[in-house]
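**Q** A single structure is presented below for examination.
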Amino acid sequence: MAKYVVKFGGSSLADAEQFRKVKSIIESDGKRRYVIPSAPGKRFGADTKVTDMLYDCYDAVTNGGTPEKEFKAIAERFDGIINDLRLDLSLENEYAVILENFKNKAGRDYAASRGEYLNGIILANFLGFAFVDAAKAIFFRNSESGGEFDADLTNAALTALLEKERYAVIPGFYGALPDGTIKTFSRGGSDVTGSIVARAIKANLYENWTDVSGFLAADPRIVDEPKVIRVITYRELRELSYMGATVLHEDSIFPVRAAKIPINIRNTNEPSAPGTMIVHDAPEDGDTPVITGIAGRKNFSVISMEKDGMNNEVGFLRRILTLFESQGINFEHIPSGIDTLSVVLSTAVIEKHPNIIELINQVARPNHIEVEHGISMIAIVGRGMKERRGTAARIFSALSHARINIRVIDQGSSELNVIVGIKESDFEKAIKSLYDVFMLSES
Ligand code: ASP
């Protein structure tokens, strides 16, 4: 029988009412067998996430204080959920152990992970599922950065452990180092846990339940009520996420992508909405929109250089690239002309290397070099543009009608995206006009 991994974010488990929605979603489909909870999130705008309360608790101890006061508020949140759900469950013993560990200065990651841990125990009790502590199956190896996820060890351990459990709750966000010390992923890491579990149990689907009805085709702070993307490929998602569109933790893509498991982004507060399907390959049919989504980022700079005869000078680009490598400089794009070359990089990178122009002058001796700041890059992404005529023409005419000058143009060789660089002051206008041309005209 098919099996799904279902991950619920913090807002989906913020209080007892949300827990009831989660239970009804899980019980409405018997394939939803492995559940990954986040810690309780915000119940209202000014509320504090339990994870943040735990970090505060940890800070209180490291600053020489005691954790009791902060921890009391955390225990009250969990007890409130237990009481509202009328569960026959007490976490008093768990609280005592955690407080003791806090006083003994257990690490910051240990502190943060207790939100998922306690929420997992409550959810398992409420659903009647087994509770599987992530510290027993998600492993990190020691590394200079303080711990690196160990995919192979984890996969073997999780597969063996979950083979024995038909229905289980595995808390998100953390695992353990070889000596048992708790280690977390970066913030939002429960998404990553869901993906790792999906790979381990060879899930047919990874459902990621959150508080939006899918991945939006543009930033809702710029475009009014943008459409929800129904189907997106992993490659498109990567392009859009890189350019600032966020819905999932970046690292959650890799385990499921390799195993070709689709992800379905769903809304706990609107379970009837189909959400967004993230797939390995989408069938090419006439319904594929030309553009899947538009995203962009500000704060880029362009270094433009000109050199007579650059075209014939063997090694010009190599000298620039070797320089960047030796300085640890990461760049974004390198559009070039016959005697010209531009390098687009984030302004923060240039600020970290104030002597970069001098160094380029030394190694490449261009006739002219200048830097322009205040550039934003916009990616127009869509698997549907491949071998379809006119996409670039529509992009350029949309921007020209909006009286926007294009400073940089780049198209990936896979014909999956067109990237344009424009002045930051034109950013919002450009996104709106591109959205209007591609998304509104195709509805
Ligand atoms: N609770 C953690 C956080 O707030 C992890 C997660 O929610 O995915 O970042």
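Labeling convention for the structure tokens: chains A, B, ... as they appear, residues from 1 per chain, ligands from 1 in order of appearance.
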Got a sec: who's within 6 Å of Gly41 (chain A), counting only C-alpha atoms, leaving out chain neighbours fewer than 2 positions off, as a PyMOL selection string?

**A** chain A and resi 10-11+14+49

**Q** Report the residues of region 30-63 of chain A whose backbone DSSP state falls under helix (DSSP H, G or I), written as a list in words.

**A**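 Assigned to helix (DSSP H, G or I), within region 30-63 of chain A: Val50, Thr51, Asp52, Met53, Leu54, Tyr55, Asp56, Cys57, Tyr58, Asp59, Ala60, Val61 and Thr62 of chain A.
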
**Q** Let me have all residues with an atom within 12 Å of ligand 1, counting only C-alpha atoms and all ligand atoms, laid out as an NGL selection string.

**A** :A and (7-14 or 36-42 or 48-55 or 109 or 111-120 or 171-174 or 184-195 or 208-210 or 247-252)

**Q** Go ahead and write the residues just picked, C-alpha atoms, as a JSON list (two decimals), in the first residue's frame.

**A**
[["chain", "number", "residue", "atom", "x", "y", "z"],
["A", 7, "LYS", "CA", 5.09, 17.19, 7.86],
["A", 8, "PHE", "CA", 3.17, 19.85, 9.78],
["A", 9, "GLY", "CA", 4.74, 23.26, 10.36],
["A", 10, "GLY", "CA", 4.58, 25.29, 13.56],
["A", 11, "SER", "CA", 1.43, 27.23, 12.70],
["A", 12, "SER", "CA", -0.36, 23.93, 11.93],
["A", 13, "LEU", "CA", 0.36, 22.79, 15.50],
["A", 14, "ALA", "CA", 0.18, 26.09, 17.37],
["A", 36, "ILE", "CA", 6.84, 14.98, 11.28],
["A", 37, "PRO", "CA", 5.84, 17.82, 13.61],
["A", 38, "SER", "CA", 7.48, 21.20, 14.12],
["A", 39, "ALA", "CA", 7.33, 22.90, 17.52],
["A", 40, "PRO", "CA", 4.21, 24.99, 18.19],
["A", 41, "GLY", "CA", 4.42, 28.23, 16.20],
["A", 42, "LYS", "CA", 2.64, 31.54, 16.54],
["A", 48, "THR", "CA", 6.29, 33.86, 20.16],
["A", 49, "LYS", "CA", 7.24, 30.51, 18.61],
["A", 50, "VAL", "CA", 8.15, 27.84, 21.14],
["A", 51, "THR", "CA", 11.56, 27.43, 19.45],
["A", 52, "ASP", "CA", 12.31, 31.11, 20.09],
["A", 53, "MET", "CA", 11.16, 30.75, 23.71],
["A", 54, "LEU", "CA", 13.60, 27.85, 24.07],
["A", 55, "TYR", "CA", 16.46, 29.89, 22.65],
["A", 109, "ASP", "CA", 20.76, 22.90, 19.85],
["A", 111, "ALA", "CA", 17.50, 23.55, 24.01],
["A", 112, "ALA", "CA", 15.94, 24.39, 20.63],
["A", 113, "SER", "CA", 15.14, 20.77, 19.79],
["A", 114, "ARG", "CA", 12.92, 20.25, 22.84],
["A", 115, "GLY", "CA", 10.02, 22.03, 21.13],
["A", 116, "GLU", "CA", 9.77, 19.37, 18.42],
["A", 117, "TYR", "CA", 10.51, 16.60, 20.93],
["A", 118, "LEU", "CA", 7.69, 17.51, 23.34],
["A", 119, "ASN", "CA", 5.25, 18.34, 20.54],
["A", 120, "GLY", "CA", 6.02, 14.95, 18.99],
["A", 171, "PRO", "CA", 9.92, 15.00, 15.60],
["A", 172, "GLY", "CA", 11.47, 17.36, 13.07],
["A", 173, "PHE", "CA", 14.51, 19.65, 13.20],
["A", 174, "TYR", "CA", 17.08, 17.58, 15.11],
["A", 184, "THR", "CA", 19.70, 20.66, 14.91],
["A", 185, "PHE", "CA", 19.43, 21.59, 11.26],
["A", 186, "SER", "CA", 19.22, 25.31, 10.55],
["A", 187, "ARG", "CA", 15.94, 27.14, 11.27],
["A", 188, "GLY", "CA", 12.92, 25.67, 9.54],
["A", 189, "GLY", "CA", 14.74, 22.32, 9.50],
["A", 190, "SER", "CA", 11.68, 20.13, 10.13],
["A", 191, "ASP", "CA", 11.17, 20.31, 6.36],
["A", 192, "VAL", "CA", 14.52, 18.57, 6.01],
["A", 193, "THR", "CA", 13.56, 15.84, 8.49],
["A", 194, "GLY", "CA", 10.38, 15.18, 6.48],
["A", 195, "SER", "CA", 12.38, 14.80, 3.32],
["A", 208, "ASN", "CA", 4.32, 19.39, 3.59],
["A", 209, "TRP", "CA", 1.42, 21.04, 5.43],
["A", 210, "THR", "CA", 1.75, 24.73, 6.16],
["A", 247, "VAL", "CA", 8.29, 27.98, 0.93],
["A", 248, "LEU", "CA", 10.54, 25.09, 1.91],
["A", 249, "HIS", "CA", 13.90, 24.80, 3.62],
["A", 250, "GLU", "CA", 16.49, 24.74, 0.82],
["A", 251, "ASP", "CA", 18.10, 21.49, 2.00],
["A", 252, "SER", "CA", 14.80, 19.62, 2.01]]

**Q** Would you kindly return, as a ChimeraX atom specification, each protein, DNA or RNA residue with an atom no farther than 12 Å from any atom of Asp79 (chain A), considering only C-alpha atoms and excluding same-chain residues fewer than 6 positions away?

**A** /A:15-16,72-73,85-92,95,118-119,122

**Q** Can you write just those residues out, C-alpha atoms, as a PDB file, in the first residue's frame?

**A**
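Listing of again.pdb after writing:
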ATOM      1  CA  ASP A  15      -2.748  25.117  19.626  1.00  0.00           C
ATOM      2  CA  ALA A  16      -5.334  22.407  20.337  1.00  0.00           C
ATOM      3  CA  LYS A  72       7.430  27.754  32.945  1.00  0.00           C
ATOM      4  CA  ALA A  73       5.847  29.655  30.041  1.00  0.00           C
ATOM      5  CA  LEU A  85      -7.288  17.952  23.912  1.00  0.00           C
ATOM      6  CA  ARG A  86      -8.172  16.103  27.155  1.00  0.00           C
ATOM      7  CA  LEU A  87      -5.244  13.749  26.770  1.00  0.00           C
ATOM      8  CA  ASP A  88      -4.284  11.296  29.440  1.00  0.00           C
ATOM      9  CA  LEU A  89      -0.667  12.473  29.375  1.00  0.00           C
ATOM     10  CA  SER A  90       1.695  14.241  31.730  1.00  0.00           C
ATOM     11  CA  LEU A  91       5.014  15.726  30.635  1.00  0.00           C
ATOM     12  CA  GLU A  92       6.152  16.541  34.194  1.00  0.00           C
ATOM     13  CA  TYR A  95      10.110  18.867  31.981  1.00  0.00           C
ATOM     14  CA  LEU A 118       7.688  17.509  23.336  1.00  0.00           C
ATOM     15  CA  ASN A 119       5.254  18.342  20.539  1.00  0.00           C
ATOM     16  CA  ILE A 122       1.829  14.994  22.440  1.00  0.00           C
TER      17      ILE A 122
END

**Q** Go through A:Asn355, A:Ser346, A:Asn269, A:Ser425 one by one, measure the shortest atom-to-atom distance of each to Ser301 (chain A) using only C-alpha atoms, and give the residue with the smallest value.

**A**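 Smallest separation from Ser301 (chain A) among the options: A:Ser346.
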
**Q** Let me make sure I understand: among A:Glu165, A:Phe396, A:Ser241, A:Val343, which one has the smallest atom-to-atom distance to Ile253 (chain A) if we use only C-alpha atoms?

**A**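 For Ile253 (chain A), the nearest of the given residues is A:Ser241.
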
**Q** Would you please work out which residue, of A:Ser24, A:Thr181, A:Ser342, A:Gln18, is nearest to Asp211 (chain A) when using only C-alpha atoms?

**A**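 Going through A:Ser24, A:Thr181, A:Ser342, A:Gln18 one by one, the smallest distance to Asp211 (chain A) is for A:Gln18.
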
**Q** Skipping near chain neighbours, those fewer than 6 positions away, what residues fall within 12 Å of Ile356 (chain A) using only C-alpha atoms, listed as a PyMOL selection string?

**A** chain A and resi 303+320+323-324+326-329+343+345+349-350+362-364+369-371

**Q** Using only C-alpha atoms, determine which residues lie at most 8 Å from Glu207 (chain A), disregarding the query and same-chain residues fewer than 5 positions distant; provide the list as a PyMOL selection string.

**A** chain A and resi 4-7+263-266

**Q** Can I get the selection written as a tab-separated table (two decimals), in the first residue's frame, with C-alpha atoms?

**A**
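The new file part-v5.tsv reads:
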chain	number	residue	atom	x	y	z
A	4	TYR	CA	2.98	9.18	2.72
A	5	VAL	CA	5.20	11.24	4.99
A	6	VAL	CA	3.30	14.25	6.30
A	7	LYS	CA	5.09	17.19	7.86
A	263	ILE	CA	6.39	16.96	-2.56
A	264	ASN	CA	2.91	18.36	-2.16
A	265	ILE	CA	2.67	21.71	-0.36
A	266	ARG	CA	-0.72	21.87	1.37

**Q** Quick one: residues within 6 Å of region 135-150 of chain A, only C-alpha atoms, excluding same-chain residues fewer than 2 positions away - as number ranges by chain?

**A** A: 133, 152-154, 157-158, 175-177

**Q** Limited to N, CA, C and O atoms, could you put the picked residues into a file as a JSON list (two decimals), in the first residue's frame?

**A**
[["chain", "number", "residue", "atom", "x", "y", "z"],
["A", 133, "ASP", "N", 11.99, 8.88, 18.66],
["A", 133, "ASP", "CA", 12.87, 10.03, 18.90],
["A", 133, "ASP", "C", 13.87, 10.17, 17.74],
["A", 133, "ASP", "O", 14.60, 9.22, 17.43],
["A", 152, "ASP", "N", 23.94, 8.62, 4.76],
["A", 152, "ASP", "CA", 23.91, 7.16, 4.62],
["A", 152, "ASP", "C", 23.58, 6.45, 5.92],
["A", 152, "ASP", "O", 22.73, 5.55, 5.97],
["A", 153, "LEU", "N", 24.27, 6.88, 6.98],
["A", 153, "LEU", "CA", 24.01, 6.27, 8.29],
["A", 153, "LEU", "C", 22.54, 6.47, 8.69],
["A", 153, "LEU", "O", 21.86, 5.55, 9.16],
["A", 154, "THR", "N", 22.05, 7.69, 8.48],
["A", 154, "THR", "CA", 20.68, 8.01, 8.83],
["A", 154, "THR", "C", 19.70, 7.16, 8.03],
["A", 154, "THR", "O", 18.73, 6.61, 8.58],
["A", 157, "ALA", "N", 19.60, 3.64, 9.37],
["A", 157, "ALA", "CA", 19.00, 3.53, 10.70],
["A", 157, "ALA", "C", 17.49, 3.79, 10.66],
["A", 157, "ALA", "O", 16.70, 3.07, 11.27],
["A", 158, "LEU", "N", 17.10, 4.80, 9.90],
["A", 158, "LEU", "CA", 15.67, 5.15, 9.82],
["A", 158, "LEU", "C", 14.87, 4.03, 9.16],
["A", 158, "LEU", "O", 13.78, 3.68, 9.61],
["A", 175, "GLY", "N", 18.68, 15.82, 15.30],
["A", 175, "GLY", "CA", 19.22, 14.47, 15.31],
["A", 175, "GLY", "C", 20.34, 14.46, 16.34],
["A", 175, "GLY", "O", 20.34, 15.29, 17.25],
["A", 176, "ALA", "N", 21.29, 13.53, 16.19],
["A", 176, "ALA", "CA", 22.34, 13.45, 17.21],
["A", 176, "ALA", "C", 23.72, 13.26, 16.57],
["A", 176, "ALA", "O", 23.84, 12.67, 15.49],
["A", 177, "LEU", "N", 24.72, 13.76, 17.26],
["A", 177, "LEU", "CA", 26.13, 13.53, 16.89],
["A", 177, "LEU", "C", 26.54, 12.14, 17.39],
["A", 177, "LEU", "O", 25.80, 11.54, 18.19]]

**Q** Which polymer residues have any atom within 12 Å of an atom of Ile338 (chain A), counting only C-alpha atoms, with same-chain residues fewer than 6 positions away left out, as a list in words?

**A**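 Skipping anything fewer than 6 positions along the chain leaves Met305, Glu306, Lys307, Asp308, Gly309, Met310, Asn311, Asn312 and Glu313 of chain A.
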
**Q** Keeping N, CA, C and O atoms for every residue in the selection just given, could you write it to a file as a PDB file, in the first residue's frame?

**A**
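Everything below was put into out04.pdb:
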ATOM      1  N   MET A 305      33.937  45.541 -17.523  1.00  0.00           N
ATOM      2  CA  MET A 305      35.270  45.868 -18.019  1.00  0.00           C
ATOM      3  C   MET A 305      35.330  45.800 -19.547  1.00  0.00           C
ATOM      4  O   MET A 305      34.537  45.087 -20.158  1.00  0.00           O
ATOM      5  N   GLU A 306      36.241  46.571 -20.069  1.00  0.00           N
ATOM      6  CA  GLU A 306      36.386  46.658 -21.513  1.00  0.00           C
ATOM      7  C   GLU A 306      37.877  46.561 -21.814  1.00  0.00           C
ATOM      8  O   GLU A 306      38.684  47.142 -21.095  1.00  0.00           O
ATOM      9  N   LYS A 307      38.211  45.797 -22.843  1.00  0.00           N
ATOM     10  CA  LYS A 307      39.636  45.759 -23.202  1.00  0.00           C
ATOM     11  C   LYS A 307      39.747  45.550 -24.712  1.00  0.00           C
ATOM     12  O   LYS A 307      39.122  44.612 -25.245  1.00  0.00           O
ATOM     13  N   ASP A 308      40.479  46.382 -25.378  1.00  0.00           N
ATOM     14  CA  ASP A 308      40.640  46.226 -26.823  1.00  0.00           C
ATOM     15  C   ASP A 308      41.223  44.853 -27.106  1.00  0.00           C
ATOM     16  O   ASP A 308      42.209  44.460 -26.492  1.00  0.00           O
ATOM     17  N   GLY A 309      40.598  44.127 -27.997  1.00  0.00           N
ATOM     18  CA  GLY A 309      41.119  42.820 -28.396  1.00  0.00           C
ATOM     19  C   GLY A 309      40.885  41.717 -27.372  1.00  0.00           C
ATOM     20  O   GLY A 309      41.496  40.654 -27.434  1.00  0.00           O
ATOM     21  N   MET A 310      40.001  41.952 -26.414  1.00  0.00           N
ATOM     22  CA  MET A 310      39.737  40.929 -25.380  1.00  0.00           C
ATOM     23  C   MET A 310      39.359  39.597 -26.004  1.00  0.00           C
ATOM     24  O   MET A 310      39.772  38.517 -25.567  1.00  0.00           O
ATOM     25  N   ASN A 311      38.616  39.720 -27.092  1.00  0.00           N
ATOM     26  CA  ASN A 311      38.142  38.559 -27.824  1.00  0.00           C
ATOM     27  C   ASN A 311      39.273  37.606 -28.246  1.00  0.00           C
ATOM     28  O   ASN A 311      39.128  36.393 -28.237  1.00  0.00           O
ATOM     29  N   ASN A 312      40.414  38.211 -28.591  1.00  0.00           N
ATOM     30  CA  ASN A 312      41.540  37.392 -29.072  1.00  0.00           C
ATOM     31  C   ASN A 312      42.557  37.065 -27.989  1.00  0.00           C
ATOM     32  O   ASN A 312      43.541  36.382 -28.247  1.00  0.00           O
ATOM     33  N   GLU A 313      42.339  37.604 -26.829  1.00  0.00           N
ATOM     34  CA  GLU A 313      43.346  37.415 -25.772  1.00  0.00           C
ATOM     35  C   GLU A 313      43.065  36.120 -25.012  1.00  0.00           C
ATOM     36  O   GLU A 313      42.139  36.040 -24.219  1.00  0.00           O
TER      37      GLU A 313
END

**Q** Could you jot down the CA of Leu99 (chain A) to CA of Asp84 (chain A) separation for me, Å, one decimal place?

**A**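 Interatomic distance, CA of Leu99 (chain A) to CA of Asp84 (chain A): 24.1 Å.
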
**Q** By how many Å are CA of His368 (chain A) and CA of Val344 (chain A) apart?

**A**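 Taking CA of His368 (chain A) as the start and CA of Val344 (chain A) as the end point, the length is 16.6 Å.
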
**Q** Quick one: pull the distance between CA of Ile378 (chain A) and CA of Val420 (chain A), Å, one decimal.

**A**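 We find that CA of Ile378 (chain A) and CA of Val420 (chain A) lie 5.4 Å from each other.
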
**Q** Taking into account only C-alpha atoms, which residue in the set A:Pro354, A:Gly412, A:Gly293, A:Pro262 is nearest to Glu236 (chain A)?

**A**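 With only C-alpha atoms as the atom set, the closest residue is A:Gly293.
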
**Q** Smallest atom-to-atom distance to Leu399 (chain A): which of A:Leu123, A:Ile380, A:Ile431, A:Val290, using only C-alpha atoms?

**A**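 Answer, going by the shortest atom-to-atom distance: A:Ile431.
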
**Q** Write out as number ranges by chain all residues of region 184-338 of chain A that DSSP puts in strand (DSSP E) for this structure's backbone.

**A** A: 184, 205-210, 231-233, 263-267, 276-279, 293-306
